[in-house]
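Notes follow the structure.
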Amino acid sequence: MRLQMYIDGQWVDAVDDETRDIINPYNQEVIANVTEGNEEDAKKAVAAARRAFDNGAWATTPASERGAIVHDIGRLIRSSRQELAELETLDTGKTLSESLDDMDDIANVFIYFAGLADKDGGEVIDSPIPDSTSKVVREPVGVCGQITPWNYPLLQAAWKLAPALAAGNTLVMKPSEITPLTTVKVFELFEQAGVPAGVANLVLGPGNTAGAHLSESTDVDLISFTGGIDTGKKIMQAASTNVKKLALELGGKNPNIIFADADIDVAVDQALNAAFFHAGQVCSAGARVLVESSMHDAFVDALVKRAKHIKLGNGFAEDTQSGPLISAEHREKVEAYVAIGQEEGAKLALGGKRPEAEELQQGFFYLPTIFTNCTADMRIVQEEVFGPVLTVEPFETTEEAVAKANDTIYGLAGAVFTEDIAKAENVVTQLRMGTVWINDFHPYFAQAPWGGYKQSGIGRELGRPGLEEYTETKHVFRNTNPEPLEWFK
Ligand SMILES: NC(=O)c1ccc[n+]([C@@H]2O[C@H](COP(=O)([O-])OP(=O)(O)OC[C@H]3O[C@@H](n4cnc5c(N)ncnc54)[C@H](O)[C@@H]3O)[C@@H](O)[C@H]2O)c1
Ligand SMILES: C[N+](C)(C)CC=O
């Protein structure tokens, strides 16, 4: 498979003809060779998006027509579901059933934003000034740079592409250089759906060249980034060149609070899913369990017993429950954190090493790992590991649970398990997080906003706020009876 960039309606190679092999993390086989762009290619893509925005054709296309094209993209994704899901599994190692679910979510995101495209007709304001009218309208922001990570490649791209197009912007997307396959395929569907040349452009390549140009360029009006906190900080600085609008979806260290009155079977089952789904490579992974002391030992015993049996393997095998980590480099990072946890005095209750099974030796696998005896001052509790590593801390009171839950720099998501709904609601109001689940973990959908408090990010994706991110608000005031003011007589 040889894949190209899509700039100004043309499939093109990088200006310097560089390419990159894309590796299957399950067995390290080369699955594709993609053109590898750099700053020069990003410049060409930004110039195309700038021309397409400045000629006004897309922004002034009736919103219902833009919505129809975005709807068609959703429909095409639905009919390419199996092909796209298989590519996502090859590229990320996640199970095919996860990838199929992702494709359903992605199609729904396009269809949701297609439906919203023509729903905001502006607002008439009751002007306090006699003989005047006042209205508020929303307009597209302009040229949007969009940068995505490797863990949910097409899903994170969809959260940016669909609202940007629906709102009448032009864009340049740069997916993670290690997982570009499904994003390239979706740009083929954009072409089929009739997205005009120059409106949606795709640049492939590394972050520090192709990506950096998008955040620095004074021709880009908005930069939307999903990825790690350190990259997010660089992008925030680079965005200051022209004070571009900024949306950041960063990491998390998400607490999962379990009270002793929760159903233990449900809480254990959900805690496993929260921490080990997609090998813990999820921004909202429930990587910190806070469990009420009276339930601690029973909870840990049950958790360890079940986590031992998580079946690692090929994402295409029916019985695989979790795939590999994304790369050798990422597995080394996870291993380094496990070593830090042990040095800090956390007790390894499970895992803490690579699996020994022969059939897993070519992949970047790591065993589900559980640390107990954890305390809030440990790096293993504070920092995002982004792997299958769960820390467990006991608590005595609700106040202590809330204080511990809030005690990191992050504020992406968290959960509370209890049968006492009043207690749950009370805790929810005190958690400084963008999403809080009660007696569940992980649900997200197109209709509800997603984003972080504190250093987990700026802005929101999905829901109405996810469309508003891609609009400017304009107030239009009209004097209906103009007369000289005679202020300066
Ligand atoms: N909040 C969310 O919704 C959400 C969702 C998914 C992932 N994430 C976060 O993403 C991280 C994992 O993804 P990752 O390892 O791909 O992140 P990363 O920050 O390393 O890379 C993300 C993207 O940024 C690009 N990039 C790197 N350096 C750049 C630079 N200097 N300028 C511009 N672009 C640059 C990369 O090429 C890639 O496309 C985790 O921290 C995870 O929590 C957050
Ligand atoms: C936002 N989400 C949960 C889909 C992916 C986070 O990594």
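All residue names refer to the structure tokens as shown: chains lettered A, B, ... in order, residues numbered from 1 in each chain, ligands numbered from 1 in order.
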For the strand (DSSP E) assignment from backbone DSSP, which residues of range 203-423 of chain A qualify? Please present them as a VMD selection string.
chain A and resid 222 to 226 245 to 249 255 to 258 288 to 292 347 to 350 369 to 372 389 to 395 413 to 417
Please return as a VMD selection string: the residues of range 326-481 of chain A that backbone DSSP assigns to alpha helix (DSSP H).
chain A and resid 328 to 344 379 to 382 398 to 406 421 to 430 463 to 468
If you count only C-alpha atoms, which residues fall within 12 Å of Asn256 in chain A, apart from same-chain ones fewer than 3 positions away, as JSON, numbers by chain?
{"A": [253, 259, 267, 268, 270, 271, 272, 273, 274, 275, 284, 285, 286, 287, 288, 289, 290, 291, 292, 390, 391, 392, 393, 394, 401, 402, 404, 405, 406, 413, 414, 415, 416, 417, 418, 427, 428, 431, 436, 437, 438, 439, 440, 441, 442]}
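Neighbours of range 361-366 of chain A closer than or equal to 7 Å, with only C-alpha atoms counted and sequence neighbours fewer than 6 positions away skipped, come out as Pro25, Tyr26, Asn27, Gln28, Pro324, Leu325, Ile326, Ser327, Ala328, Arg331, Lys353, Arg354 and Pro355 of chain A.
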Within 7 Å of ligand 2, counting only C-alpha atoms and all ligand atoms, residues as JSON, numbers by chain:
{"A": [151, 152, 155, 156, 281, 282, 283, 284, 442, 444]}
Find the residues around range 34-51 of chain A up to 8 Å (only C-alpha atoms counted), leave out those fewer than 3 positions away in its own chain, and share them as a VMD selection string.
chain A and resid 2 to 5 7 to 8 13 to 22 54 to 55 142 to 143 170 to 172 198 to 206 209 to 214 219 to 220
Output file for the selection above: C-alpha atoms, as a PDB file, in the first residue's frame:
ATOM      1  CA  ARG A   2       1.474   3.412  -0.992  1.00  0.00           C
ATOM      2  CA  LEU A   3      -0.327   6.437   0.392  1.00  0.00           C
ATOM      3  CA  GLN A   4      -0.114  10.123  -0.474  1.00  0.00           C
ATOM      4  CA  MET A   5      -1.109  13.529   0.876  1.00  0.00           C
ATOM      5  CA  ILE A   7      -3.503  19.057  -1.148  1.00  0.00           C
ATOM      6  CA  ASP A   8      -5.731  21.398  -3.160  1.00  0.00           C
ATOM      7  CA  ASP A  13       3.994  13.030  -2.782  1.00  0.00           C
ATOM      8  CA  ALA A  14       6.175  15.045  -0.447  1.00  0.00           C
ATOM      9  CA  VAL A  15       8.290  17.735  -2.092  1.00  0.00           C
ATOM     10  CA  ASP A  16      11.499  15.933  -1.148  1.00  0.00           C
ATOM     11  CA  ASP A  17      10.128  12.418  -1.942  1.00  0.00           C
ATOM     12  CA  GLU A  18      10.682  11.117   1.615  1.00  0.00           C
ATOM     13  CA  THR A  19       8.577   8.130   2.714  1.00  0.00           C
ATOM     14  CA  ARG A  20       7.889   6.277   5.958  1.00  0.00           C
ATOM     15  CA  ASP A  21       7.079   2.633   6.654  1.00  0.00           C
ATOM     16  CA  ILE A  22       4.009   2.068   8.808  1.00  0.00           C
ATOM     17  CA  ASP A  54     -10.550  33.619   1.033  1.00  0.00           C
ATOM     18  CA  ASN A  55     -12.477  32.964  -2.182  1.00  0.00           C
ATOM     19  CA  GLY A 142     -11.153  30.576   8.639  1.00  0.00           C
ATOM     20  CA  VAL A 143      -8.251  28.202   8.060  1.00  0.00           C
ATOM     21  CA  THR A 170     -11.225  25.213   5.385  1.00  0.00           C
ATOM     22  CA  LEU A 171      -8.651  22.976   7.020  1.00  0.00           C
ATOM     23  CA  VAL A 172      -5.333  21.178   7.036  1.00  0.00           C
ATOM     24  CA  GLY A 198      -8.661  23.186  -1.223  1.00  0.00           C
ATOM     25  CA  VAL A 199     -11.351  22.987   1.487  1.00  0.00           C
ATOM     26  CA  ALA A 200      -9.936  19.904   3.238  1.00  0.00           C
ATOM     27  CA  ASN A 201      -6.206  19.201   2.931  1.00  0.00           C
ATOM     28  CA  LEU A 202      -4.172  16.359   4.377  1.00  0.00           C
ATOM     29  CA  VAL A 203      -0.503  16.621   5.301  1.00  0.00           C
ATOM     30  CA  LEU A 204       1.480  13.605   6.489  1.00  0.00           C
ATOM     31  CA  GLY A 205       4.696  13.797   8.448  1.00  0.00           C
ATOM     32  CA  PRO A 206       6.300  14.399  11.811  1.00  0.00           C
ATOM     33  CA  THR A 209       8.137  19.899  10.997  1.00  0.00           C
ATOM     34  CA  ALA A 210       4.730  19.424   9.340  1.00  0.00           C
ATOM     35  CA  GLY A 211       2.831  19.840  12.625  1.00  0.00           C
ATOM     36  CA  ALA A 212       4.890  22.748  13.912  1.00  0.00           C
ATOM     37  CA  HIS A 213       4.202  24.730  10.738  1.00  0.00           C
ATOM     38  CA  LEU A 214       0.449  24.472  11.290  1.00  0.00           C
ATOM     39  CA  ASP A 219      -2.123  31.985   7.656  1.00  0.00           C
ATOM     40  CA  VAL A 220      -3.795  29.567  10.070  1.00  0.00           C
TER      41      VAL A 220
END
Find the residues of chain A that sit at most 6 Å from ligand 1; for each, write down the nearest two atoms and how far apart they are in Å, to one decimal. Count only C-alpha atoms and all ligand atoms. Sort by chain, then by number going up, and give it as CSV.
residue,atom,partner,partner_atom_place_in_ligand_line,distance
A:Ile147,CA,ligand 1,39 (O),5.2
A:Thr148,CA,ligand 1,39 (O),4.6
A:Pro149,CA,ligand 1,16 (O),3.4
A:Trp150,CA,ligand 1,16 (O),4.7
A:Pro175,CA,ligand 1,39 (O),4.8
A:Ser176,CA,ligand 1,39 (O),3.4
A:Glu177,CA,ligand 1,37 (O),5.6
A:Pro206,CA,ligand 1,37 (O),4.7
A:Gly207,CA,ligand 1,35 (C),3.3
A:Asn208,CA,ligand 1,31 (N),4.2
A:Gly211,CA,ligand 1,33 (C),3.7
A:Ala212,CA,ligand 1,32 (N),3.7
A:Thr226,CA,ligand 1,44 (C),5.2
A:Gly227,CA,ligand 1,10 (O),3.1
A:Gly228,CA,ligand 1,41 (O),3.4
A:Thr231,CA,ligand 1,19 (O),4.6
A:Lys234,CA,ligand 1,31 (N),5.9
A:Ile235,CA,ligand 1,32 (N),5.6
A:Glu249,CA,ligand 1,1 (N),3.8
A:Leu250,CA,ligand 1,1 (N),4.2
A:Gly251,CA,ligand 1,43 (O),3.1
A:Gly252,CA,ligand 1,43 (O),5.6
A:Cys283,CA,ligand 1,43 (O),3.5
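Separating CA of Ser80 in chain A from CA of Trp11 in chain A is a distance of 20.2 Å.
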